[in-house]
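Student: My structure file entry_7.pdb, PDB, C-alpha atoms and all ligand atoms, is below:
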ATOM      1  CA  GLY X   1      -0.736  -2.411  19.163  1.00  0.00           C
ATOM      2  CA  ALA X   2       0.836   0.932  18.242  1.00  0.00           C
ATOM      3  CA  ASN X   3       4.288  -0.130  19.444  1.00  0.00           C
ATOM      4  CA  GLY X   4       4.447  -2.804  16.799  1.00  0.00           C
ATOM      5  CA  GLY X   5       3.578  -5.541  19.250  1.00  0.00           C
ATOM      6  CA  ALA X   6       1.092  -8.304  19.607  1.00  0.00           C
ATOM      7  CA  VAL X   7      -2.351  -8.550  18.082  1.00  0.00           C
ATOM      8  CA  LEU X   8      -4.840  -7.546  20.754  1.00  0.00           C
ATOM      9  CA  GLY X   9      -7.897  -8.217  18.684  1.00  0.00           C
ATOM     10  CA  CYS X  10      -9.245  -8.580  15.203  1.00  0.00           C
ATOM     11  CA  GLU X  11     -12.373  -7.602  13.340  1.00  0.00           C
ATOM     12  CA  ALA X  12     -14.606 -10.094  11.584  1.00  0.00           C
ATOM     13  CA  LEU X  13     -15.424  -8.855   8.079  1.00  0.00           C
ATOM     14  CA  ILE X  14     -18.097 -10.675   6.150  1.00  0.00           C
ATOM     15  CA  HIS X  15     -17.481 -11.231   2.432  1.00  0.00           C
ATOM     16  CA  TRP X  16     -19.904 -12.649  -0.074  1.00  0.00           C
ATOM     17  CA  ARG X  17     -18.592 -15.339  -2.392  1.00  0.00           C
ATOM     18  CA  HIS X  18     -20.575 -14.482  -5.489  1.00  0.00           C
ATOM     19  CA  PRO X  19     -20.657 -17.027  -8.363  1.00  0.00           C
ATOM     20  CA  ALA X  20     -19.921 -14.405 -11.031  1.00  0.00           C
ATOM     21  CA  ARG X  21     -18.395 -11.427  -9.184  1.00  0.00           C
ATOM     22  CA  GLY X  22     -16.047 -13.357  -6.926  1.00  0.00           C
ATOM     23  CA  LEU X  23     -15.414 -12.159  -3.377  1.00  0.00           C
ATOM     24  CA  VAL X  24     -17.631  -9.128  -2.696  1.00  0.00           C
ATOM     25  CA  PRO X  25     -16.561  -6.867   0.226  1.00  0.00           C
ATOM     26  CA  PRO X  26     -19.150  -5.833   2.847  1.00  0.00           C
ATOM     27  CA  ALA X  27     -19.392  -2.173   1.743  1.00  0.00           C
ATOM     28  CA  GLN X  28     -20.855  -3.417  -1.543  1.00  0.00           C
ATOM     29  CA  PHE X  29     -23.798  -5.362  -0.139  1.00  0.00           C
ATOM     30  CA  ILE X  30     -24.428  -4.434   3.517  1.00  0.00           C
ATOM     31  CA  PRO X  31     -26.230  -1.135   2.663  1.00  0.00           C
ATOM     32  CA  GLN X  32     -28.680  -3.060   0.420  1.00  0.00           C
ATOM     33  CA  ALA X  33     -29.046  -5.726   3.102  1.00  0.00           C
ATOM     34  CA  GLU X  34     -30.010  -2.987   5.568  1.00  0.00           C
ATOM     35  CA  GLN X  35     -32.589  -1.530   3.188  1.00  0.00           C
ATOM     36  CA  SER X  36     -34.161  -4.883   2.412  1.00  0.00           C
ATOM     37  CA  GLY X  37     -34.220  -6.088   6.022  1.00  0.00           C
ATOM     38  CA  LEU X  38     -31.970  -9.033   5.179  1.00  0.00           C
ATOM     39  CA  ILE X  39     -29.435  -7.568   7.610  1.00  0.00           C
ATOM     40  CA  ALA X  40     -31.175  -9.315  10.523  1.00  0.00           C
ATOM     41  CA  ASP X  41     -30.401 -12.751   9.075  1.00  0.00           C
ATOM     42  CA  ILE X  42     -26.934 -11.745   7.891  1.00  0.00           C
ATOM     43  CA  GLY X  43     -26.137 -10.239  11.301  1.00  0.00           C
ATOM     44  CA  ALA X  44     -27.246 -13.375  13.132  1.00  0.00           C
ATOM     45  CA  TRP X  45     -25.233 -15.560  10.762  1.00  0.00           C
ATOM     46  CA  THR X  46     -22.146 -13.387  11.298  1.00  0.00           C
ATOM     47  CA  LEU X  47     -22.377 -13.583  15.078  1.00  0.00           C
ATOM     48  CA  ARG X  48     -22.710 -17.358  14.974  1.00  0.00           C
ATOM     49  CA  ALA X  49     -19.766 -17.635  12.559  1.00  0.00           C
ATOM     50  CA  ALA X  50     -17.617 -15.414  14.808  1.00  0.00           C
ATOM     51  CA  CYS X  51     -18.452 -17.520  17.882  1.00  0.00           C
ATOM     52  CA  ARG X  52     -17.624 -20.693  15.978  1.00  0.00           C
ATOM     53  CA  GLN X  53     -14.267 -19.187  14.927  1.00  0.00           C
ATOM     54  CA  ILE X  54     -13.485 -18.095  18.492  1.00  0.00           C
ATOM     55  CA  ALA X  55     -14.123 -21.641  19.733  1.00  0.00           C
ATOM     56  CA  ARG X  56     -11.870 -23.068  17.034  1.00  0.00           C
ATOM     57  CA  TRP X  57      -9.032 -20.626  17.762  1.00  0.00           C
ATOM     58  CA  LYS X  58      -9.283 -21.346  21.480  1.00  0.00           C
ATOM     59  CA  SER X  59      -9.001 -25.087  20.835  1.00  0.00           C
ATOM     60  CA  GLU X  60      -5.960 -24.410  18.615  1.00  0.00           C
ATOM     61  CA  GLY X  61      -4.348 -22.047  21.140  1.00  0.00           C
ATOM     62  CA  VAL X  62      -4.369 -18.998  18.844  1.00  0.00           C
ATOM     63  CA  PRO X  63      -3.787 -15.870  21.036  1.00  0.00           C
ATOM     64  CA  PHE X  64      -6.424 -13.760  19.255  1.00  0.00           C
ATOM     65  CA  GLY X  65      -7.454 -11.486  22.143  1.00  0.00           C
ATOM     66  CA  SER X  66     -10.972 -10.661  21.038  1.00  0.00           C
ATOM     67  CA  VAL X  67     -13.005 -10.802  17.846  1.00  0.00           C
ATOM     68  CA  ALA X  68     -15.018  -7.718  16.964  1.00  0.00           C
ATOM     69  CA  VAL X  69     -18.273  -8.115  15.063  1.00  0.00           C
ATOM     70  CA  ASN X  70     -19.996  -5.255  13.266  1.00  0.00           C
ATOM     71  CA  VAL X  71     -23.596  -4.896  14.386  1.00  0.00           C
ATOM     72  CA  SER X  72     -26.027  -2.776  12.400  1.00  0.00           C
ATOM     73  CA  ALA X  73     -28.086  -0.101  14.146  1.00  0.00           C
ATOM     74  CA  LEU X  74     -31.155  -1.947  12.829  1.00  0.00           C
ATOM     75  CA  GLU X  75     -30.238  -4.962  14.958  1.00  0.00           C
ATOM     76  CA  PHE X  76     -30.684  -2.750  18.021  1.00  0.00           C
ATOM     77  CA  ARG X  77     -34.447  -2.889  17.499  1.00  0.00           C
ATOM     78  CA  GLY X  78     -36.254  -5.873  18.927  1.00  0.00           C
ATOM     79  CA  ARG X  79     -34.947  -8.821  20.889  1.00  0.00           C
ATOM     80  CA  ARG X  80     -33.288 -10.928  18.272  1.00  0.00           C
ATOM     81  CA  LEU X  81     -29.716  -9.682  18.790  1.00  0.00           C
ATOM     82  CA  LEU X  82     -29.696 -10.700  22.447  1.00  0.00           C
ATOM     83  CA  GLU X  83     -31.251 -14.082  21.700  1.00  0.00           C
ATOM     84  CA  THR X  84     -28.740 -14.773  18.940  1.00  0.00           C
ATOM     85  CA  LEU X  85     -25.855 -13.786  21.210  1.00  0.00           C
ATOM     86  CA  ASP X  86     -27.120 -15.960  24.067  1.00  0.00           C
ATOM     87  CA  THR X  87     -27.539 -19.009  21.882  1.00  0.00           C
ATOM     88  CA  ALA X  88     -24.321 -18.663  19.877  1.00  0.00           C
ATOM     89  CA  MET X  89     -22.138 -17.936  22.929  1.00  0.00           C
ATOM     90  CA  ALA X  90     -23.627 -20.848  24.886  1.00  0.00           C
ATOM     91  CA  GLU X  91     -23.295 -23.249  21.967  1.00  0.00           C
ATOM     92  CA  HIS X  92     -19.617 -22.414  21.394  1.00  0.00           C
ATOM     93  CA  GLY X  93     -18.578 -21.685  24.986  1.00  0.00           C
ATOM     94  CA  VAL X  94     -17.656 -18.054  24.229  1.00  0.00           C
ATOM     95  CA  GLN X  95     -17.009 -15.603  27.091  1.00  0.00           C
ATOM     96  CA  PRO X  96     -18.151 -11.961  26.774  1.00  0.00           C
ATOM     97  CA  HIS X  97     -14.579 -10.582  26.796  1.00  0.00           C
ATOM     98  CA  GLU X  98     -13.682 -12.751  23.798  1.00  0.00           C
ATOM     99  CA  LEU X  99     -16.206 -10.894  21.673  1.00  0.00           C
ATOM    100  CA  GLU X 100     -16.682  -7.206  21.001  1.00  0.00           C
ATOM    101  CA  LEU X 101     -19.608  -5.546  19.266  1.00  0.00           C
ATOM    102  CA  GLU X 102     -18.805  -2.669  16.907  1.00  0.00           C
ATOM    103  CA  ILE X 103     -21.652  -0.226  16.621  1.00  0.00           C
ATOM    104  CA  THR X 104     -21.945   3.195  15.048  1.00  0.00           C
ATOM    105  CA  GLU X 105     -23.033   6.446  16.633  1.00  0.00           C
ATOM    106  CA  SER X 106     -26.421   6.069  14.922  1.00  0.00           C
ATOM    107  CA  VAL X 107     -27.429   3.218  17.255  1.00  0.00           C
ATOM    108  CA  LEU X 108     -28.686   5.655  19.868  1.00  0.00           C
ATOM    109  CA  MET X 109     -30.488   7.880  17.371  1.00  0.00           C
ATOM    110  CA  GLY X 110     -34.130   7.382  16.482  1.00  0.00           C
ATOM    111  CA  ASP X 111     -35.887   4.682  18.488  1.00  0.00           C
ATOM    112  CA  THR X 112     -33.552   4.898  21.427  1.00  0.00           C
ATOM    113  CA  GLU X 113     -35.646   3.154  24.039  1.00  0.00           C
ATOM    114  CA  SER X 114     -35.222  -0.306  22.577  1.00  0.00           C
ATOM    115  CA  ALA X 115     -31.568   0.428  21.805  1.00  0.00           C
ATOM    116  CA  GLN X 116     -30.970   1.697  25.326  1.00  0.00           C
ATOM    117  CA  ARG X 117     -32.490  -1.471  26.794  1.00  0.00           C
ATOM    118  CA  ILE X 118     -30.246  -3.636  24.663  1.00  0.00           C
ATOM    119  CA  VAL X 119     -27.175  -1.583  25.616  1.00  0.00           C
ATOM    120  CA  SER X 120     -28.012  -2.006  29.309  1.00  0.00           C
ATOM    121  CA  ARG X 121     -28.402  -5.745  28.877  1.00  0.00           C
ATOM    122  CA  LEU X 122     -25.053  -5.961  27.050  1.00  0.00           C
ATOM    123  CA  HIS X 123     -23.405  -4.090  29.918  1.00  0.00           C
ATOM    124  CA  GLU X 124     -24.918  -6.551  32.391  1.00  0.00           C
ATOM    125  CA  LEU X 125     -23.459  -9.379  30.341  1.00  0.00           C
ATOM    126  CA  GLY X 126     -20.031  -7.688  30.394  1.00  0.00           C
ATOM    127  CA  MET X 127     -19.953  -7.442  26.598  1.00  0.00           C
ATOM    128  CA  PRO X 128     -17.436  -4.835  25.325  1.00  0.00           C
ATOM    129  CA  LEU X 129     -18.818  -2.251  22.898  1.00  0.00           C
ATOM    130  CA  ALA X 130     -16.707  -0.293  20.410  1.00  0.00           C
ATOM    131  CA  VAL X 131     -17.913   2.841  18.626  1.00  0.00           C
ATOM    132  CA  ASP X 132     -17.066   2.331  14.950  1.00  0.00           C
ATOM    133  CA  ASP X 133     -16.228   5.104  12.452  1.00  0.00           C
ATOM    134  CA  PHE X 134     -16.059   7.566  15.354  1.00  0.00           C
ATOM    135  CA  GLY X 135     -16.401  11.191  14.374  1.00  0.00           C
ATOM    136  CA  THR X 136     -18.382  10.685  11.160  1.00  0.00           C
ATOM    137  CA  GLY X 137     -21.888  10.220  12.525  1.00  0.00           C
ATOM    138  CA  TYR X 138     -24.147  12.414  14.521  1.00  0.00           C
ATOM    139  CA  SER X 139     -21.516  13.495  16.988  1.00  0.00           C
ATOM    140  CA  SER X 140     -23.554  14.082  20.089  1.00  0.00           C
ATOM    141  CA  LEU X 141     -20.973  13.348  22.728  1.00  0.00           C
ATOM    142  CA  ALA X 142     -23.729  12.865  25.301  1.00  0.00           C
ATOM    143  CA  TYR X 143     -24.282   9.339  24.047  1.00  0.00           C
ATOM    144  CA  LEU X 144     -20.835   8.318  25.297  1.00  0.00           C
ATOM    145  CA  LYS X 145     -22.250   8.461  28.821  1.00  0.00           C
ATOM    146  CA  HIS X 146     -25.064   6.030  27.995  1.00  0.00           C
ATOM    147  CA  LEU X 147     -23.076   3.760  25.765  1.00  0.00           C
ATOM    148  CA  ARG X 148     -20.009   3.532  28.027  1.00  0.00           C
ATOM    149  CA  PRO X 149     -17.969   1.961  25.220  1.00  0.00           C
ATOM    150  CA  SER X 150     -14.686   0.208  25.928  1.00  0.00           C
ATOM    151  CA  LYS X 151     -13.221   1.519  22.664  1.00  0.00           C
ATOM    152  CA  LEU X 152     -13.558   4.366  20.186  1.00  0.00           C
ATOM    153  CA  LYS X 153     -12.408   3.624  16.666  1.00  0.00           C
ATOM    154  CA  ILE X 154     -11.265   6.831  14.967  1.00  0.00           C
ATOM    155  CA  ASP X 155     -12.612   6.801  11.437  1.00  0.00           C
ATOM    156  CA  ARG X 156     -10.145   6.258   8.614  1.00  0.00           C
ATOM    157  CA  SER X 157     -11.028   9.610   7.045  1.00  0.00           C
ATOM    158  CA  PHE X 158      -9.237  11.387   9.926  1.00  0.00           C
ATOM    159  CA  VAL X 159      -6.261   9.040   9.781  1.00  0.00           C
ATOM    160  CA  ARG X 160      -5.790   9.272   6.003  1.00  0.00           C
ATOM    161  CA  ASP X 161      -4.693  12.929   5.966  1.00  0.00           C
ATOM    162  CA  LEU X 162      -2.772  13.006   9.248  1.00  0.00           C
ATOM    163  CA  GLU X 163       0.565  13.729   7.605  1.00  0.00           C
ATOM    164  CA  GLU X 164      -0.621  16.680   5.498  1.00  0.00           C
ATOM    165  CA  ASP X 165      -3.478  18.094   7.510  1.00  0.00           C
ATOM    166  CA  VAL X 166      -2.830  20.196  10.633  1.00  0.00           C
ATOM    167  CA  GLU X 167      -6.529  20.339  11.529  1.00  0.00           C
ATOM    168  CA  GLY X 168      -6.811  16.582  11.183  1.00  0.00           C
ATOM    169  CA  ARG X 169      -3.956  16.154  13.651  1.00  0.00           C
ATOM    170  CA  VAL X 170      -5.646  18.525  16.104  1.00  0.00           C
ATOM    171  CA  ILE X 171      -8.928  16.588  15.866  1.00  0.00           C
ATOM    172  CA  VAL X 172      -7.298  13.188  16.322  1.00  0.00           C
ATOM    173  CA  ARG X 173      -5.243  14.447  19.259  1.00  0.00           C
ATOM    174  CA  ALA X 174      -8.432  15.805  20.863  1.00  0.00           C
ATOM    175  CA  ILE X 175     -10.308  12.514  20.353  1.00  0.00           C
ATOM    176  CA  VAL X 176      -7.453  10.567  21.949  1.00  0.00           C
ATOM    177  CA  GLY X 177      -7.417  12.993  24.902  1.00  0.00           C
ATOM    178  CA  LEU X 178     -11.193  12.763  25.342  1.00  0.00           C
ATOM    179  CA  ALA X 179     -11.167   8.973  25.201  1.00  0.00           C
ATOM    180  CA  HIS X 180      -8.339   8.635  27.693  1.00  0.00           C
ATOM    181  CA  ALA X 181      -9.957  11.084  30.102  1.00  0.00           C
ATOM    182  CA  LEU X 182     -13.100   8.932  29.982  1.00  0.00           C
ATOM    183  CA  GLY X 183     -11.127   5.701  30.424  1.00  0.00           C
ATOM    184  CA  ILE X 184     -11.908   4.515  26.894  1.00  0.00           C
ATOM    185  CA  ARG X 185      -9.296   2.790  24.716  1.00  0.00           C
ATOM    186  CA  ILE X 186      -8.652   4.256  21.317  1.00  0.00           C
ATOM    187  CA  VAL X 187      -8.142   2.521  17.977  1.00  0.00           C
ATOM    188  CA  ALA X 188      -7.000   4.306  14.818  1.00  0.00           C
ATOM    189  CA  GLU X 189      -8.552   2.803  11.697  1.00  0.00           C
ATOM    190  CA  GLY X 190      -7.124   2.754   8.198  1.00  0.00           C
ATOM    191  CA  VAL X 191      -3.460   3.151   9.199  1.00  0.00           C
ATOM    192  CA  GLU X 192      -1.392   2.747   6.041  1.00  0.00           C
ATOM    193  CA  THR X 193       1.912   4.590   6.494  1.00  0.00           C
ATOM    194  CA  GLU X 194       4.835   4.723   8.932  1.00  0.00           C
ATOM    195  CA  GLY X 195       4.278   8.475   9.275  1.00  0.00           C
ATOM    196  CA  GLN X 196       0.736   7.906  10.509  1.00  0.00           C
ATOM    197  CA  ARG X 197       1.938   5.218  12.908  1.00  0.00           C
ATOM    198  CA  ARG X 198       4.653   7.511  14.304  1.00  0.00           C
ATOM    199  CA  PHE X 199       2.230  10.376  14.911  1.00  0.00           C
ATOM    200  CA  LEU X 200      -0.409   8.114  16.494  1.00  0.00           C
ATOM    201  CA  ARG X 201       2.121   6.466  18.759  1.00  0.00           C
ATOM    202  CA  GLY X 202       3.398   9.910  19.754  1.00  0.00           C
ATOM    203  CA  ILE X 203      -0.012  11.066  20.957  1.00  0.00           C
ATOM    204  CA  GLY X 204      -0.674   7.888  22.918  1.00  0.00           C
ATOM    205  CA  CYS X 205      -3.022   6.078  20.540  1.00  0.00           C
ATOM    206  CA  GLU X 206      -2.417   2.530  21.692  1.00  0.00           C
ATOM    207  CA  LEU X 207      -4.193   0.432  19.076  1.00  0.00           C
ATOM    208  CA  LEU X 208      -3.816   0.531  15.303  1.00  0.00           C
ATOM    209  CA  GLN X 209      -5.786  -1.136  12.537  1.00  0.00           C
ATOM    210  CA  GLY X 210      -5.192  -0.936   8.793  1.00  0.00           C
ATOM    211  CA  TYR X 211      -3.152  -2.176   5.851  1.00  0.00           C
ATOM    212  CA  LEU X 212       0.128  -1.189   7.560  1.00  0.00           C
ATOM    213  CA  ILE X 213      -0.640  -3.835  10.191  1.00  0.00           C
ATOM    214  CA  SER X 214      -2.489  -6.390   8.105  1.00  0.00           C
ATOM    215  CA  ARG X 215      -4.884  -6.579   5.185  1.00  0.00           C
ATOM    216  CA  PRO X 216      -8.133  -8.452   5.723  1.00  0.00           C
ATOM    217  CA  GLN X 217      -7.438 -12.157   5.327  1.00  0.00           C
ATOM    218  CA  PRO X 218      -9.163 -15.512   5.762  1.00  0.00           C
ATOM    219  CA  ALA X 219      -9.228 -17.046   9.248  1.00  0.00           C
ATOM    220  CA  GLY X 220      -6.402 -19.514   8.595  1.00  0.00           C
ATOM    221  CA  ALA X 221      -3.968 -16.842   7.409  1.00  0.00           C
ATOM    222  CA  ALA X 222      -5.105 -14.495  10.198  1.00  0.00           C
ATOM    223  CA  ALA X 223      -4.275 -17.162  12.791  1.00  0.00           C
ATOM    224  CA  GLU X 224      -0.731 -17.515  11.391  1.00  0.00           C
ATOM    225  CA  PHE X 225      -0.288 -13.743  11.473  1.00  0.00           C
ATOM    226  CA  ILE X 226      -1.517 -13.559  15.085  1.00  0.00           C
ATOM    227  CA  ARG X 227       0.845 -16.334  16.196  1.00  0.00           C
ATOM    228  CA  ALA X 228       3.802 -14.724  14.407  1.00  0.00           C
ATOM    229  CA  SER X 229       3.058 -11.321  16.016  1.00  0.00           C
ATOM    230  CA  ALA X 230       2.847 -12.873  19.468  1.00  0.00           C
ATOM    231  CA  GLU X 231       6.216 -14.602  19.034  1.00  0.00           C
ATOM    232  CA  ALA X 232       7.831 -11.437  17.678  1.00  0.00           C
ATOM    233  CA  THR X 233       6.631  -9.509  20.735  1.00  0.00           C
ATOM    234  CA  VAL X 234       8.058 -12.067  23.140  1.00  0.00           C
ATOM    235  CA  GLU X 235      11.406 -11.822  21.332  1.00  0.00           C
ATOM    236  CA  VAL X 236      11.515  -8.022  21.608  1.00  0.00           C
ATOM    237  CA  SER X 237      10.551  -7.745  25.279  1.00  0.00           C
TER     238      SER X 237
HETATM  239 CA    CA X 301     -16.051  -1.960  11.860  1.00  0.00          CA
HETATM  240 CA    CA X 302     -14.777   1.272  10.752  1.00  0.00          CA
END
Would it be possible to restate this file's structure as structure tokens?
Tutor:
Amino acid sequence: GANGGAVLGCEALIHWRHPARGLVPPAQFIPQAEQSGLIADIGAWTLRAACRQIARWKSEGVPFGSVAVNVSALEFRGRRLLETLDTAMAEHGVQPHELELEITESVLMGDTESAQRIVSRLHELGMPLAVDDFGTGYSSLAYLKHLRPSKLKIDRSFVRDLEEDVEGRVIVRAIVGLAHALGIRIVAEGVETEGQRRFLRGIGCELLQGYLISRPQPAGAAAEFIRASAEATVEVS
């Protein structure tokens, strides 16, 4: 959280262990996976892996909050996403509030009927939705009414220049105000400096993500970090 407290959630980031190139981050292969259609298989694999990890952390007593999984707009066509979720959650005993689906603004563009149906079903299931990279897509604010997300994640491009850029500060302040008025929690992405943290805390942005908090790390190291943060919070309060 923004007050330097406990970990309230984490984001699952898929990496590709390539025989020659080593560990390849998602930005370097997900766009190609979307173009080729492979994203459907990769997305299903990721959801199953996240559910398996949630089950393991629960059995080990890791206070992880929730695990967010990035879901491509393409997965909002057809029925497979819901089937994969059903199966993986049942198999690993995962509750809806232990997962969170991160989607971008583009989900409700284009073929919206199928997407809208899936969104409704996810709401029925009680599955939290977060809008990822908020402010960079097609910013029709009308979709917030249909999507009813539990979180908006302010894109890192707004956070990066907070300390130098007056307009950036105005925009971020406005997003936080909008989200709070709609009862939506707000996450700032890409937080890297104390100055950014101070400003965000000052305007009531309650959740922070970025290198200042933690770099992406494997599940084992993440679990240690989460436990240490929880203990530190208990000590302070
Ligand atoms: Ca994300
Ligand atoms: Ca993001």
Student: Can you give me, as a ChimeraX atom specification, the residues this file yields under the PyMOL selection byres (((not hetatm)) within 8 of (chain X and resi 302))?
Tutor: /X:132-134,153-156,189
Student: To one decimal in Å, tell me the separation between CA of His92 (chain X) and CA of Trp57 (chain X).
Tutor: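 One can read the CA of His92 (chain X) to CA of Trp57 (chain X) distance as 11.3 Å.
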Student: Check every protein, DNA and RNA residue against ligand CA 301 (chain X), keep those with an atom at most 8 Å away (counting all atoms listed in the file), and present them as a list in words.
Tutor: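 Within the 8 Å cut-off, the matching residues are Glu11, Leu13, Ala68, Val69, Asn70, Glu102, Ile103, Asp132 and Asp133 of chain X.
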Student: Any chance you could resolve the PyMOL selection byres (((chain X and resi 98) around 7) and not hetatm) against this file and give the residues as JSON, numbers by chain?
Tutor: {"X": [65, 66, 67, 94, 95, 96, 97, 99, 100]}
Student: Step by step, work through what the PyMOL selection byres (((chain X and resi 144) around 10) and not hetatm) selects in the shown file, and finish by giving those residues as a PyMOL selection string.
Tutor: chain X and resi 105+108+131+139-143+145-149+152+179+182+184
Student: How many Å lie between CA of Arg52 (chain X) and CA of Thr87 (chain X), rounded to one decimal?
Tutor: 11.7 Å
Student: When you look at Gln28 (chain X) with a cut-off of 12 Å (counting all atoms listed in the file), what residues show up, excluding the ones that are within fewer than 4 positions of it in the same chain? I need them as number ranges by chain.
Tutor: X: 14-16, 18, 21, 23-24, 32-34
Student: Write out as a tab-separated table the residues of region 49-113 of chain X that have any atom within 7 Å of an atom of region 207-231 of chain X, one row each with the nearest atom pair and its distance in Å to one decimal, counting all atoms listed in the file, sorted by chain and then rising number.
Tutor:
residue	atom	partner	partner_atom	distance
X:Val62	CA	X:Ala223	CA	6.3
X:Pro63	CA	X:Arg227	CA	6.7
X:Phe64	CA	X:Ile226	CA	6.4
Student: Produce the centre coordinates and the three edge lengths, each in Å to one decimal, of the box along x, y and z that contains all listed atoms of region 215-230 of chain X with 3 Å added on each side, as lines of an AutoDock Vina configuration file.
Tutor:
center_x = -2.7
center_y = -13.0
center_z = 12.3
size_x = 19.0
size_y = 18.9
size_z = 20.3
Student: Which is closest to Leu178 (chain X) among X:Ala20, X:Val166, X:Leu82, X:Cys205, if we use all atoms listed in the file?
Tutor: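 The answer is X:Cys205, which sits nearest to Leu178 (chain X).
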Student: Quick check, in Å to one decimal: how far apart do CA of Val170 (chain X) and CA of Val187 (chain X) lie?
Tutor: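 One can read the CA of Val170 (chain X) to CA of Val187 (chain X) distance as 16.3 Å.
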Student: Which one of X:Ala115, X:Thr193, X:Lys58, X:Ala49 sits closest to Arg79 (chain X) if you count only C-alpha atoms?
Tutor: X:Ala115
Student: Taking into account all atoms listed in the file, which residue in the set X:Leu8, X:Glu91, X:Asp165, X:Glu124 is nearest to Cys51 (chain X)?
Tutor: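 Nearest to Cys51 (chain X): X:Glu91.
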Student: Pick out the closest residue to Thr84 (chain X) from this set: X:Glu206, X:Asp41, X:Asp161, X:Glu167. Count all atoms listed in the file.
Tutor: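 Looking only at the distances to Thr84 (chain X), the closest residue turns out to be X:Asp41.
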